[in-house]
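Chemist: Here it is: the structure, laid out below.
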Amino acid sequence: MDFTFTEEQLLLRDSTRNFLTAEVTPSRLRERWKSHDVADNDLWEKMLDMGIISATIPEELGGSGLNSVDFVLLAEECGYVALLEPVVYTALVVVPLLCELEGDFPRELLSGLVRGDYRISVACPFTGLVEDADTSAFVLKFNSNKELVACSVTDAELSQIRSIDPGRRVFSLKECESGKVLMGNNRFEFLHEFLINSMAFANAAQSLGLTQRMLDLAVNYSKDRHQFKKPIGSFQAVKHLLANVAIKLEFAKPSVYRAAHSLHHGAPKRSLHISHAKIAACEAASLAAKNSLQAHGAMGYTWEYDLHIFSKRSLVLSATGGDLGFHKARLLDSLFSDDFQLGPTATFS
Amino acid sequence: MDFTFTEEQLLLRDSTRNFLTAEVTPSRLRERWKSHDVADNDLWEKMLDMGIISATIPEELGGSGLNSVDFVLLAEECGYVALLEPVVYTALVVVPLLCELEGDFPRELLSGLVRGDYRISVACPFTGLVEDADTSAFVLKFNSNKELVACSVTDAELSQIRSIDPGRRVFSLKECESGKVLMGNNRFEFLHEFLINSMAFANAAQSLGLTQRMLDLAVNYSKDRHQFKKPIGSFQAVKHLLANVAIKLEFAKPSVYRAAHSLHHGAPKRSLHISHAKIAACEAASLAAKNSLQAHGAMGYTWEYDLHIFSKRSLVLSATGGDLGFHKARLLDSLFSDDFQLGPTATFS
Amino acid sequence: MDLSFSKVELEFRKEIRSWLRENVPDEPLESFDTELGFHQHRGWEKTLYAGNWGMVTWPKEYGGRGCSLIEWLIFEEEYYRAKAPLRVNQNGLFLLGPTLMEFGSKEQKEKFLPKMALGEEIWAQGWSEPNAGSDMAAIQTKAIRKGDKYVVTGQKIWSTRAVWADWIFGMFRTDPKSERHHGLSFILVPLNSKGVTIRPIAQLNGLTGFAEVFFDEVEVPTHCLLGEEGDGWKVAMATAGFERGLMLRSPARFQETARRLVDLYKENKQQADNDPSILEAVLRAYLDAESYCLLTYQTASRLVNGGHIGPESSTNKVFWSELDQSMHSTAMSIIGARADLMSGIKGAGLTAEWLDGWLFAQSGPIYAGTNEVQRNIISERMLGMPR
Amino acid sequence: MDLSFSKVELEFRKEIRSWLRENVPDEPLESFDTELGFHQHRGWEKTLYAGNWGMVTWPKEYGGRGCSLIEWLIFEEEYYRAKAPLRVNQNGLFLLGPTLMEFGSKEQKEKFLPKMALGEEIWAQGWSEPNAGSDMAAIQTKAIRKGDKYVVTGQKIWSTRAVWADWIFGMFRTDPKSERHHGLSFILVPLNSKGVTIRPIAQLNGLTGFAEVFFDEVEVPTHCLLGEEGDGWKVAMATAGFERGLMLRSPARFQETARRLVDLYKENKQQADNDPSILEAVLRAYLDAESYCLLTYQTASRLVNGGHIGPESSTNKVFWSELDQSMHSTAMSIIGARADLMSGIKGAGLTAEWLDGWLFAQSGPIYAGTNEVQRNIISERMLGMPR
């Protein structure tokens with residue numbers, strides 16, 4: 001039993017953090033909202049060079065072969081800067097899904113990712129919507145036959161849907177059944193759950209970073225902003241607002257790290273652990289959004305101030321990858337099943 | 001539309017308050033816990049003389065003919081001092097129930113109450129248990145035939161049940177079907193609901209008083225107790241704990257007063273209004289118990305300090321007269337019935 | 001206590017209901033935080049005025065009907081029930097109006113109230129300054145008397161409606177040597193005055209619902225002083241009372257939201273019941289909106305009987321703002337996987353409406369005095385706890 | 001990261017599980033807040049010690065097994081799973097023990113630890129004084145050095161277990177001219193010393209779980225000083241860290257409560273589902289107890305790898321105390337109409353157990369530093385917010 005990260009994992013986290021906080025600034029995000037370019041290819045190239053994009057691709061295909069425990073800290077950092085490019089979904093959803101599949105085409109797609117030839121997105125198994133479809137060459141989705149297919153985006157008709165998060169690019173796409181079948185429907189149940197789990201886990205990990213970012217913004221603001229001749233952060237009411245966020249975050253983290261471990265090892269309870277992580281991390285982010293805004297007062301309610309970049313993203317991450325209702329229902333099903341182990345000694349069994 | 005009490009009603013409230021706060025002190029309550037006397041007959045006599053016990057009995061039978069709107073403020077005051085003698089149940093449950101019945105015997109029982117010949121209790125329609133059975137001459141209850149009967153307590157075998165509230169005297173009594181039938185089972189549904197509503201309303205009204213008392217104790221303590229060279233009541237954390245109680249109380253009150261009005265007028269929605277009042281008032285009391293204790297720190301956790309007199313009573317009032325689950329379920333049934341009016345304009349319709 | 005409506009009250013309800021049925025626009029207006037929407041809403045105010053519904057509680061000579069506060073609540077209930085447009089002049093009607101009624105001279109009432117009721121003069125509020133938010137006594141913007149004029153210099157911020165409004169009211173420091181809540185005065189300033197610059201501020205929804213207002217030696221006639229010079233704090237506190245208390249947030253508004261929430265739940269019951277927190281939240285929305293209505297009728301009755309609004313109005317502010325937040329969060333949970341989608345997909349219109357309300361609800365615990373400040377007021381002034 | 005148990009850990013679990021199966025008394029002991037129960041529990045400590053389970057993390061020479069913190073967690077899991085008696089010597093084992101390990105001399109460790117593990121010397125804590133509760137730096141009880149003795153005069157309060165304990169530890173003012181957290185020392189005092197008077201204090205359940213302790217010129221040998229004279233604050237803060245952090249409240253305790261709550265819900269599903277808040281609360285109890293366990297394993301792993309407990313231990317204190325409160329409130333809601341009934345009726349035994357836990361849970365946000373103080377610590381020391 002050792003519930004810590006290795007020195008190596010922490011070093012990789014640190015270097016990723018340094019890169020991301022330097023490159024992915026709020027002003028760069030705001031530029032992207034306004035720009036007609038649909039992607040920040042420069043950033044993508046850099047992250048490709050750093051090996052982050054191909055991090056979870058097996059070494060024999062040119063990736064770094066990282067697993068979900070290695071990557072979870074990086075996903076957190078991507079959340080911290082509210083990275084718009086779909087790096088986390090690539091590493092934690094697209095790649096693991098393709099790795100589950102046999103045959104040449106999935107391997108070819110993985111190699112293409114390593115080479116930086118294109119991007120690949122996935123359709124949300126709940127809504128059918130596709131994030132960043134316009135910048136992808138392929139979309140992975142289940143067709144009406146429950147087969148997993150890779151559709152070429154050039155064949156599909158995209159229509160953009162407006163999200164409250166100006167950084168979210170999400171599309172519905174007209175039925176493209178003509179895509180290449182990657183896997184027959186005999187593995188539908190497994191892959192469907194696999195996909196949901198991957199997305200939920202990716203969202204949970206990013207939500208931790210978002211929570212930390214909103215907390216940092218509020219703490220800093222509370223030190224600078226003075227009212228009644230004191231920094232507002234010296235008032236208990238403000239302190240306790242933010243202490244509550246810190247508590248939520250502190251207790252959400254290990255549930256996400258445990259989920260990473262269970263996912264990596266294909267643990268029998270992985271779905272449960274992921275649902276737990278998704279709820280804990282998204283609720284932490286949602287409390288951070290609420291309490292950080294309150295600590296900022298009217299300033300936090302403005303478009304110019306950066307807080308809403310993160311709070312809106314946290315709303316999106318909570319809604320997608322299975323909403324709270326989905327994950328709670330899944331947990332309750334297990335909790336009340338006859339053979340479910342509860343109480344002390346059951347956590348790691 | 002006039003949602004205020006009359007001068008007369010307020011004056012009666014004030015004089016009752018003066019009497020109760022002078023007579024029913026915590027030390028007198030503590031004496032009662034220890035004493036072998038089963039009732040405080042002296043107090044009962046005084047309240048009989050003041051006309052409080054017979055307040056809701058019709059004038060033609062020697063009472064004051066007060067209705068539930070007149071009496072609700074008095075019930076609040078009885079809650080404020082955590083009165084142990086069953087004055088509120090007498091006025092708000094026993095008397096109204098007897099007044100619903102025809103025939104000589106109910107009238108005789110009412111007259112006996114006015115004369116102070118005896119006390120009468122009712123069996124809880126949820127548990128069958130009877131408060132203060134040992135000091136009553138009669139117990140009103142539904143027999144297994146769903147008839148309302150008045151059992152003579154001397155015929156029944158009582159066994160006392162221990163409550164966490166040392167002031168609560170509650171008993172189970174062996175089946176006494178031999179009691180005098182007051183009403184046949186053709187009115188069972190109506191009387192059963194009537195009884196539940198009366199008890200719930202009585203508990204809600206007393207809970208308002210309890211809430212105020214716990215709040216007063218905590219506010220006073222927070223002024224006296226110093227830490228860090230300041231009264232603890234000057235710290236925002238303590239202030240906001242108690243402000244939250246004040247808010248809950250402020251918004252619970254009108255729901256109880258509306259319930260009083262609906263009960264008095266037999267309004268079609270009276271059950272709903274009473275459920276609303278019961279939930280709001282009991283939740284206010286439960287928050288008061290929690291936050292007042294927190295404001296007191298360890299002092300509030302001692303037997304010697306008076307806070308627990310009121311917090312334990314508030315637990316009892318929440319559990320009895322229909323627990324929160326009962327009242328929530330009743331509200332939800334209405335809320336989702338097809339003909340339920342919702343939204344602005346529906347409150348008083 | 002009589003919780004039934006009188007014949008007069010019932011008649012009044014009937015009258016406003018039938019007028020609204022005929023006059024409320026079929027299509028919702030644009031948001032009044034857009035230029036087009038602002039002008040549409042001004043037009044609607046004129047329509048209301050034409051029906052003699054501008055501000056029913058005011059005396060007839062100022063454009064009202066002399067209605068009681070109970071009738072005002074009835075008006076509001078019918079108004080929200082009819083989904084009539086929000087009042088673009090709420091700063092004027094609900095905050096300044098009652099203040100003018102209490103502190104204004106006859107001339108001031110005649111000058112300002114009818115045009116307010118008519119929507120001809122729309123008001124912005126000018127409370128906060130960059131360094132005076134929760135700490136309002138830190139106000140620095142000066143209004144120095146020179147002859148029959150005040151010369152105003154400084155800056156206000158978070159002034160709602162100021163982008164397109166005609167007038168602003170607020171507190172200014174008329175005694176430059178004074179400190180804290182002394183030496184302040186309540187002054188009304190035309191926004192088209194020379195020296196006024198307005199910088200719109202975009203909110204979370206991208207619209208400019210508030211603005212910074214810069215004053216550079218702006219000359220204001222002394223008859224724009226409300227109350228006595230130096231009494232600004234007292235006058236402003238009365239206004240704040242109205243804001244937190246009876247006028248600004250009608251129970252009808254929240255009861256309408258609760259009704260919509262129950263409908264949303266019923267329409268999405270299966271999905272909603274996945275999350276066991278939702279049903280409880282829906283029930284609580286109904287009960288709390290109802291409680292808020294009951295307390296408001298109780299307060300109105302008390303005022304009608306000669307009572308006053310005290311510090312308990314702060315309990316209102318906390319209650320409605322948290323109720324509004326909770327109802328909108330619950331709606332977001334029900335909408336679930338599509339909670340962020342505003343257009344381009346089936347059902348997005350409904351979501352967009354909830355999202356808009358959700359964003360706005362986030363500001364509830366902040367504006368009109370943060371809930372932290374309100375809780376201080378409740379504990380200090382209502383409970384008597386030490387400062 | 002490896003979240004599986006090693007062979008050694010699994011063996012250890014097997015061993016303690018089988019020992020407990022054979023040794024845990026069939027009938028629960030009386031509460032250790034009664035005289036009889038206290039002695040029963042002391043006997044149980046001796047039984048544990050005889051099995052070499054007194055305090056498994058301590059080195060062998062002090063009566064332990066030299067186990068890792070992970071093994072400690074396993075021990076605790078099995079302990080709660082077996083419903084073994086609560087540890088009457090928890091003040092000693094979980095608070096003073098680690099402090100002695102860090103600050104004690106070899107002689108002190110030898111003198112105190114084995115008898116502590118054996119239950120021969122049971123410890124009370126002596127933190128608070130009548131005027132020093134949340135403000136611990138206001139301590140006034142003096143311990144003035146005279147030759148090879150300290151002379152202690154003053155008063156402690158809320159000393160848990162002090163009614164029947166053998167020793168008390170706490171902070172005393174050794175420099176009478178000092179103020180606040182300077183000039184304090186951490187001293188161990190035998191409760192049978194001349195000049196010690198103990199006044200038991202009854203708690204909400206009527207039992208005397210804590211006491212006032214009066215010191216009237218009590219002479220204590222100087223070798224009872226823990227750490228340096230004047231370093232009491234530093235030593236005490238370390239103890240407080242243990243209290244809030246890893247040792248005092250094992251996750252197993254709350255996981256066992258969560259398990260019982262799920263059972264209670266299942267057995268009373270129909271009644272419980274009347275209240276739509278309950279299912280959510282039951283789910284949350286399970287998740288939060290699980291989260292608390294996960295964080296504890298994470299912290300233990302960090303410490304095993306050479307890390308330290310920092311201010312984040314305050315997040316623990318808030319979390320478990322609020323979790324415990326919420327689980328017990330939920331149980332009360334499920335029990336519903338009979339929630340106050342402790343004996344004399346069917347099912348009352350179960351209720352009494354929950355009621356007892358409910359009462360105790362109310363003290364959670366107060367003892368070991370109120371949650372208000374913890375939130376201050378979190379914001380100031382963990383988040384770096386200004387004092």
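Labels used: A, B, ... for chains in the order of the structure tokens, numbers from 1 for residues in each chain, and numbers from 1 for ligands as shown.
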Write out as a compact mmCIF listing (two decimals) with N, CA and C atoms, in the first residue's frame each polymer residue whose atoms come within 6 Å of Met385 of chain C, counting only C-alpha atoms; drop sequence neighbours fewer than 4 positions from it.

Modeler:
```
# COMPACT_ATOMS: atom_id res chain seq x y z
N GLY B 233 -19.22 37.00 20.60
CA GLY B 233 -20.27 37.45 19.68
C GLY B 233 -19.81 38.52 18.71
N SER C 379 -27.14 40.19 12.91
CA SER C 379 -26.63 39.83 14.24
C SER C 379 -26.45 41.07 15.11
N GLU C 380 -26.02 42.16 14.51
CA GLU C 380 -25.76 43.34 15.35
C GLU C 380 -27.03 44.13 15.66
```

Chemist: Which residues of chain D come within 6 Å of chain A, and what is each one's closest atom pair and distance in Å (one decimal), counting only C-alpha atoms, sorted by chain and residue number, as JSON lines?

Modeler:
```
{"residue": "D:Met1", "atom": "CA", "partner": "A:Phe3", "partner_atom": "CA", "distance": 5.1}
{"residue": "D:Asp2", "atom": "CA", "partner": "A:Asp2", "partner_atom": "CA", "distance": 5.0}
{"residue": "D:Leu3", "atom": "CA", "partner": "A:Met1", "partner_atom": "CA", "distance": 4.9}
{"residue": "D:Ser4", "atom": "CA", "partner": "A:Met1", "partner_atom": "CA", "distance": 5.2}
{"residue": "D:Phe5", "atom": "CA", "partner": "A:Met1", "partner_atom": "CA", "distance": 5.0}
{"residue": "D:Glu77", "atom": "CA", "partner": "A:Pro344", "partner_atom": "CA", "distance": 5.0}
{"residue": "D:Ala252", "atom": "CA", "partner": "A:Pro344", "partner_atom": "CA", "distance": 4.8}
{"residue": "D:Gln255", "atom": "CA", "partner": "A:Gly343", "partner_atom": "CA", "distance": 4.7}
{"residue": "D:Glu256", "atom": "CA", "partner": "A:Gly343", "partner_atom": "CA", "distance": 4.8}
{"residue": "D:Arg259", "atom": "CA", "partner": "A:Gly343", "partner_atom": "CA", "distance": 4.9}
{"residue": "D:Ser291", "atom": "CA", "partner": "A:Phe251", "partner_atom": "CA", "distance": 6.0}
{"residue": "D:Leu294", "atom": "CA", "partner": "A:Pro254", "partner_atom": "CA", "distance": 5.8}
{"residue": "D:Leu295", "atom": "CA", "partner": "A:Pro254", "partner_atom": "CA", "distance": 5.7}
{"residue": "D:Gln298", "atom": "CA", "partner": "A:Phe3", "partner_atom": "CA", "distance": 4.9}
{"residue": "D:Ser301", "atom": "CA", "partner": "A:Asp2", "partner_atom": "CA", "distance": 5.4}
{"residue": "D:Thr315", "atom": "CA", "partner": "A:Ile247", "partner_atom": "CA", "distance": 5.3}
{"residue": "D:Arg375", "atom": "CA", "partner": "A:Ala243", "partner_atom": "CA", "distance": 5.7}
{"residue": "D:Ile378", "atom": "CA", "partner": "A:Ala243", "partner_atom": "CA", "distance": 5.8}
{"residue": "D:Ser379", "atom": "CA", "partner": "A:Ala243", "partner_atom": "CA", "distance": 5.3}
{"residue": "D:Met385", "atom": "CA", "partner": "A:Gly233", "partner_atom": "CA", "distance": 5.7}
{"residue": "D:Pro386", "atom": "CA", "partner": "A:Ser234", "partner_atom": "CA", "distance": 5.0}
{"residue": "D:Arg387", "atom": "CA", "partner": "A:Ser234", "partner_atom": "CA", "distance": 5.2}
```

Chemist: Counting only C-alpha atoms, what is within 12 Å of Leu158 of chain B, bar same-chain residues fewer than 4 positions away, as a PyMOL selection string?

Modeler: (chain B and resi 129-136+139+152-154+169-176) or (chain D and resi 344)

Chemist: Please report as a list in words which residues of chain D come no farther than 9 Å from chain C, using only C-alpha atoms.

Modeler: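 Every residue of chain D that passes the 9 Å test is in Asp275, Pro276, Ser277, Ile278, Leu279, Glu280, Ala281 and Leu283 of chain D.
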
Chemist: Identify, on the basis of only C-alpha atoms, every residue whose closest approach to segment 323-340 of chain C does not exceed 9 Å; exclude the query and any residue fewer than 6 positions from it along the same chain; express the result as number ranges by chain.

Modeler: A: 126-127, 162-165, 312, 315-316, 318-326; C: 254, 257-258, 261, 264-265, 268-269, 271-273, 275, 277-278, 281-282, 284-285, 288-289, 347-348, 351-352, 354-355, 357-365

Chemist: Go ahead and write the selection's residues with C-alpha atoms as a CSV table (one decimal), in the first residue's frame.

Modeler:
```
chain,number,residue,atom,x,y,z
A,126,PHE,CA,-25.2,10.8,-23.6
A,127,THR,CA,-26.0,13.5,-26.1
A,162,ARG,CA,-23.6,27.6,-28.4
A,163,SER,CA,-22.5,26.9,-24.9
A,164,ILE,CA,-22.4,29.3,-22.0
A,165,ASP,CA,-18.7,28.6,-21.9
A,312,LYS,CA,-18.1,28.3,-16.8
A,315,LEU,CA,-20.2,23.9,-15.2
A,316,VAL,CA,-19.4,22.2,-18.5
A,318,SER,CA,-19.9,18.8,-14.4
A,319,ALA,CA,-22.6,18.4,-17.1
A,320,THR,CA,-20.6,16.3,-19.5
A,321,GLY,CA,-19.1,12.9,-18.9
A,322,GLY,CA,-22.2,11.8,-17.1
A,323,ASP,CA,-24.0,14.3,-15.0
A,324,LEU,CA,-24.3,14.0,-11.3
A,325,GLY,CA,-27.6,12.2,-11.5
A,326,PHE,CA,-26.0,9.5,-13.8
C,254,PHE,CA,-39.7,33.6,-6.9
C,257,THR,CA,-39.6,30.5,-10.6
C,258,ALA,CA,-40.7,27.8,-8.2
C,261,LEU,CA,-39.1,24.5,-11.5
C,264,LEU,CA,-39.3,21.3,-15.2
C,265,TYR,CA,-39.1,18.5,-12.7
C,268,ASN,CA,-38.1,15.4,-16.7
C,269,LYS,CA,-39.0,13.3,-13.7
C,271,GLN,CA,-33.9,11.9,-15.5
C,272,ALA,CA,-34.3,14.1,-12.4
C,273,ASP,CA,-34.9,11.2,-10.0
C,275,ASP,CA,-30.2,12.5,-8.5
C,277,SER,CA,-31.1,15.5,-4.0
C,278,ILE,CA,-33.5,17.0,-6.6
C,281,ALA,CA,-34.8,20.7,-3.5
C,282,VAL,CA,-37.9,21.1,-5.6
C,284,ARG,CA,-38.0,23.2,-0.7
C,285,ALA,CA,-38.2,25.7,-3.5
C,288,ASP,CA,-39.5,28.7,0.6
C,289,ALA,CA,-41.1,30.7,-2.1
C,347,GLY,CA,-34.6,22.3,-25.7
C,348,ALA,CA,-31.8,24.8,-25.7
C,351,THR,CA,-32.0,25.9,-21.0
C,352,ALA,CA,-30.9,29.3,-22.1
C,354,TRP,CA,-32.7,28.9,-16.9
C,355,LEU,CA,-29.0,29.6,-17.6
C,357,GLY,CA,-31.5,33.1,-14.5
C,358,TRP,CA,-28.8,31.0,-13.0
C,359,LEU,CA,-26.1,33.5,-13.9
C,360,PHE,CA,-28.2,36.3,-12.6
C,361,ALA,CA,-29.0,34.4,-9.4
C,362,GLN,CA,-25.2,34.2,-8.7
C,363,SER,CA,-25.2,38.0,-8.3
C,364,GLY,CA,-28.0,37.9,-5.7
C,365,PRO,CA,-25.8,37.3,-2.7
```

Chemist: Set the distance at 8 Å and use only C-alpha atoms: which residues neighbour Ala138 of chain D once local chain neighbours fewer than 5 positions away are removed? I'd like the list as a PDB file with N, CA and C atoms, in the first residue's frame.

Modeler:
```pdb
ATOM      1  N   PHE B 228      -9.879  35.807  23.176  1.00  0.00           N
ATOM      2  CA  PHE B 228      -9.048  36.733  22.398  1.00  0.00           C
ATOM      3  C   PHE B 228      -9.368  38.184  22.770  1.00  0.00           C
TER       4      PHE B 228
ATOM      5  N   ASN D 131     -11.063  30.555  31.179  1.00  0.00           N
ATOM      6  CA  ASN D 131     -10.943  31.690  30.260  1.00  0.00           C
ATOM      7  C   ASN D 131     -10.036  31.416  29.073  1.00  0.00           C
ATOM      8  N   ALA D 132      -9.715  30.168  28.866  1.00  0.00           N
ATOM      9  CA  ALA D 132      -8.858  29.815  27.729  1.00  0.00           C
ATOM     10  C   ALA D 132      -9.464  28.597  27.049  1.00  0.00           C
ATOM     11  N   GLU D 179       3.354  36.405  28.432  1.00  0.00           N
ATOM     12  CA  GLU D 179       1.999  36.600  27.892  1.00  0.00           C
ATOM     13  C   GLU D 179       1.770  35.699  26.690  1.00  0.00           C
ATOM     14  N   ARG D 180       0.492  35.449  26.463  1.00  0.00           N
ATOM     15  CA  ARG D 180       0.058  34.680  25.294  1.00  0.00           C
ATOM     16  C   ARG D 180       0.833  33.363  25.160  1.00  0.00           C
ATOM     17  N   HIS D 181       1.348  33.044  23.993  1.00  0.00           N
ATOM     18  CA  HIS D 181       1.922  31.717  23.807  1.00  0.00           C
ATOM     19  C   HIS D 181       3.395  31.625  24.193  1.00  0.00           C
TER      20      HIS D 181
END
```
